[in-house]
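Below: the structure, in structure tokens.
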Amino acid sequence: MAIDLLQGLNPAQREAVETIQGPLLILAGPGSGKTRVIAHRVAYLVKVCGVRPHSIMAVTFTNKAAREMRERIFHLLGQTVEDISVGTFHALCARILRIDGEHIGLGKAFVIYDGEDQLSLVKRSMEEVGVDPKNFAPKAIHSAIGAAKSQLLGPQEHAHHRQTYFDEIVQRVYRHYEELLAQSKAVDFDDLLLKTVRLFQLHPSALQKYQSRYLYILVDEFQDTNLVQYVLAKLLAQKHRNICVVGDPDQSIYSWRYADLRNILNFEKDYPDAKVVYLEQNYRSTQTILEAAHHLISANVHRKEKGLWTENEVGIPLAVKEAYNEEEEAHFVVSEVDRLVKEEKHGLKDFAIMYRTNAQSRALEEVFLRYGIPYRLVGALRFYERREVKDIIAYLRLIHNPYDDVSLAKVINVPSRGIGQKTLVELTGFAKAHSVPLYTALQMITEGLKTKGTTEGEKPYTSLSPRIAVALESFLSILNELIGKSQEQNIVRLLDTLLEQIGFRTYLLGMPDGEERWENIMELRATAGECEHLPPEEGLSAFLEGVMLVSDVDNLDEKADAVTLITLHQAKGLEFPIVFIVGMEEGLLPHIRSFDDPAQMEEERRLCYVGITRAKERVYLVRAFRRSFTGTNRPNLPSRFLADIPSRLIASSFGGEQHPKVEARTPSRVPAKPVFKAGDKVRHAKFGDGIVVSCIPSGDDQEVTVSFKGEARLRRLLLSFAPLEKLA
DNA sequence: CGAAAGGCTCTTTTT
DNA sequence: GAGCCTTTCG
């Protein structure tokens, strides 16, 4: 059976799988079968070396990668390996802290704050510490705190490093921010890692427990780890020293999240006995794509040369295209997708459109929508970040842990119960004066109001009007009732009770896009179903943790036949037969913010490299001559990265085109006669039957507006794309 | 108190 | 262009 697990692996891959003892560094180029090697390695450990899955930890970059790894291992072993610890650093740390956090004063019910929660807490901290947001951007302070935490610097340590006035300000906000977090029984994203390190440093017994447990530790995407993660891995592996890290310095794209390339570059210094394995054979891309990528990345000065090669065929040249503006760029992409689907029988899931910034997705979406081509958008407005979803999650968090100030402030007036800005300021002020969480402040105030007539005491809260007092009390009693219910009802029932109690459905339906918002809530409810079988409190806790730690790629549905719209960052680790990179312009890719920093410029180049190397068969590099930024519309130069790809690798038919605007948009073309007229009955393959509202020539095409049966809104379709059939 | 309107700023990437 | 904040009015 050892033979089974090694079969089909090349010598380097084999070595990576078989090298079990001691530190191991796997330098894996794109498409070199890295995921496969990792899965085989784990399977090998279990099956051949007889290691208990319980003793293995594998850290992945996303939850999706974790799930895939489980699946692959299951496939290889033919048995489930539930026991194995697979997950992101954040998820694994959350689990450790749930169990052993009490050693460092963390209760079981701590909530996790995401970026948005962090920012609102930073704002509150600034307010209470007396820092004017006009002088210092909350975002900048937020990011400085994140930087500190990623480098293991608490407020005390940060104080020693402070140099500028800004640092001084950060230090003050940071210290109070930590107090507020503690008061709210909350940890932020960075804390999940930092607090785990603290736990290990302060409580050797806890560290020992995990050190003894994990005989084998594996960290994927090691080039994107930051100092905390590095220290964490080091601590955990200290006892058995069986640490295997996998990565590729050329694909390091998260320095802005304080990832430190030195972690991978200095691994051999830290572990002098480390074995190094190079995975250099690429199984993914054509020779042409690989060669283009190689030329691109070679322009970076700070890198280790690798000898990537492939046995794949030469393939076809990269297509470089200049469009007039972003709209035409999108049109070009969509028409190429359509052409390839028709001519080469590709499925829509074979295509990915990648871009530098989320904002770029909009122009693409509009056109995809118009042509009726299904797409899935990764990121941008994520499901869990929609307002209504966040509101309900905030309620659930509050039920789970009523001391969660950020959540309480967010929902105290949702739906409106007459508790406005002024009241909130007063409440917060009261809480601050007594150094208590908002929930406690609420209790004190409502208690105080009740006993007002009987006992005379100091009452800083008498300024509250009776009307508001009633509102506060009713909010508090709803909350308390729900907290009671959370002990007995499973998560789904609790959610229903909550929605009912606060009249959320009526509230949502009364606002624009109400139906869609309510549907989102129902989708959330469906997700909660996964935790329905758990005992009430556990279910709530598990659900919240799942919700907080998922990323958008995690939900990427592989089976759906749709084009993928995704940022270059999120595309890391994925592959597609056909890749379009749009916005190949100076200022966008490379991004303008990298212009004055050579190190950042190198990262932009790596980002482009990551994009190109996602492709198996075809790469399109598309740019727009003009692009509207924020209201302003300005011309952009072609990306410098285009010049780094030898022209012999680029399709000539696309190379010379200059300004296709003239050809595509002039109205001089004789419009074809409208095929449909208003009132015609039509049938669409996907949308069903409908009635034509209008049919207008558009370029050399026709735009048909149709009202489909059972749909409230009208759809605008382009005739040449939409499969419309006229009914008698 | 809350909705609406007007003015301001800042524009990257996300576990 | 949007998101955030402030102002204004009902």
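Ordering of the structure tokens sets the chain letters (A, B, ...); residue numbers start at 1 within each chain; ligands are numbered from 1 in the order shown.
Using only C-alpha atoms (C1' of nucleotides), we find that the part of chain C lying within 12 Å of chain A comprises DG1, DA2, DC4 and DC5 of chain C.
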Put those residues in a file: N, CA, C and O atoms (P, O5', C5', C4', C3', O3' and C1' of nucleotides), as an mmCIF file, in the first residue's frame.
```cif
data_model
loop_
_atom_site.group_PDB
_atom_site.id
_atom_site.type_symbol
_atom_site.label_atom_id
_atom_site.label_comp_id
_atom_site.auth_asym_id
_atom_site.auth_seq_id
_atom_site.Cartn_x
_atom_site.Cartn_y
_atom_site.Cartn_z
ATOM 1 P P DG C 1 -22.001 56.079 -11.016
ATOM 2 O "O5'" DG C 1 -20.434 56.058 -10.881
ATOM 3 C "C5'" DG C 1 -19.547 56.591 -9.930
ATOM 4 C "C4'" DG C 1 -19.523 55.857 -8.635
ATOM 5 C "C3'" DG C 1 -20.799 55.990 -7.794
ATOM 6 O "O3'" DG C 1 -20.898 54.891 -6.917
ATOM 7 C "C1'" DG C 1 -19.069 57.095 -6.731
ATOM 8 P P DA C 2 -22.238 54.372 -6.383
ATOM 9 O "O5'" DA C 2 -21.770 53.862 -4.948
ATOM 10 C "C5'" DA C 2 -20.477 53.258 -4.813
ATOM 11 C "C4'" DA C 2 -19.943 53.571 -3.439
ATOM 12 C "C3'" DA C 2 -21.025 53.602 -2.356
ATOM 13 O "O3'" DA C 2 -20.502 53.002 -1.191
ATOM 14 C "C1'" DA C 2 -19.838 55.603 -2.328
ATOM 15 P P DC C 4 -19.624 53.507 5.783
ATOM 16 O "O5'" DC C 4 -19.313 54.934 6.429
ATOM 17 C "C5'" DC C 4 -17.993 55.478 6.341
ATOM 18 C "C4'" DC C 4 -18.080 56.939 6.720
ATOM 19 C "C3'" DC C 4 -18.963 57.197 7.942
ATOM 20 O "O3'" DC C 4 -18.212 57.852 8.949
ATOM 21 C "C1'" DC C 4 -19.513 58.657 6.156
ATOM 22 P P DC C 5 -18.870 58.023 10.367
ATOM 23 O "O5'" DC C 5 -19.220 59.569 10.315
ATOM 24 C "C5'" DC C 5 -18.180 60.519 10.075
ATOM 25 C "C4'" DC C 5 -18.821 61.847 9.741
ATOM 26 C "C3'" DC C 5 -19.794 62.332 10.815
ATOM 27 O "O3'" DC C 5 -19.258 63.478 11.467
ATOM 28 C "C1'" DC C 5 -20.674 62.599 8.599
#
```
Pick out the residues sitting within 9 Å of Gln118 in chain A, and hand them over as an MDAnalysis selection string; count only C-alpha atoms (C1' of nucleotides), and ignore anything fewer than 5 positions along from it in its own chain. chainID A and resid 113 123 142 188:189 406
Would you give me, as a PyMOL selection string, the residues of chain A that come within 10 Å of chain B, using only C-alpha atoms (C1' of nucleotides)? chain A and resi 61-63+88-91+114-115+189-190+253-257+356-359+379+416-422+548-552+567-570+588+591-594+607+629-630
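What separates CA of Pro466 in chain A from CA of Leu479 in chain A is a distance of 19.9 Å.
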inquiry  = Could you list, as a PyMOL selection string, every residue within 12 Å of Gly529 in chain A, counting only C-alpha atoms (C1' of nucleotides) and ignoring same-chain residues fewer than 6 positions away?
reply    = chain A and resi 490-496+522-523+539-540+542-543
Save out the residues we just selected, C-alpha atoms, as an mmCIF file, in the first residue's frame.
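The new file selection-v9.cif reads:
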```cif
data_model
loop_
_atom_site.group_PDB
_atom_site.id
_atom_site.type_symbol
_atom_site.label_atom_id
_atom_site.label_comp_id
_atom_site.auth_asym_id
_atom_site.auth_seq_id
_atom_site.Cartn_x
_atom_site.Cartn_y
_atom_site.Cartn_z
ATOM 1 C CA ASN A 490 -31.557 24.861 19.106
ATOM 2 C CA ILE A 491 -29.959 27.431 16.848
ATOM 3 C CA VAL A 492 -32.598 27.368 14.132
ATOM 4 C CA ARG A 493 -35.483 27.699 16.543
ATOM 5 C CA LEU A 494 -33.650 30.411 18.403
ATOM 6 C CA LEU A 495 -33.158 32.271 15.156
ATOM 7 C CA ASP A 496 -36.868 32.009 14.393
ATOM 8 C CA MET A 522 -33.516 32.730 5.054
ATOM 9 C CA GLU A 523 -30.225 31.694 3.518
ATOM 10 C CA GLY A 539 -24.917 25.082 18.447
ATOM 11 C CA LEU A 540 -25.031 28.843 18.836
ATOM 12 C CA ALA A 542 -20.386 26.731 16.706
ATOM 13 C CA PHE A 543 -22.577 28.629 14.285
#
```
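Remark: for Leu6 in chain A, the closest of the candidate residues A:Gln21, A:Leu192, A:Val42, A:Asp273 is A:Val42 (distances computed over only C-alpha atoms).
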Run DSSP on the backbone of this structure and report the residues of range 406-609 of chain A it assigns to strand (DSSP E or B), as a ChimeraX atom specification. /A:563-567,576-581,585,587-588,591
The residue from A:Val436, A:Leu77, A:Phe351, A:Val276 with the smallest atom-to-atom distance to Val246 in chain A, counting only C-alpha atoms, is A:Val276
Quick one: pick out all alpha helix (DSSP H) residues within range 361-472 of chain A from a backbone DSSP run and write them as a count of residues only.
66
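Take CA of Glu326 in chain A and CA of Asp561 in chain A: the distance between them is 24.9 Å.
Note that the spacing between CA of Leu5 in chain A and CA of Thr35 in chain A amounts to 14.0 Å.
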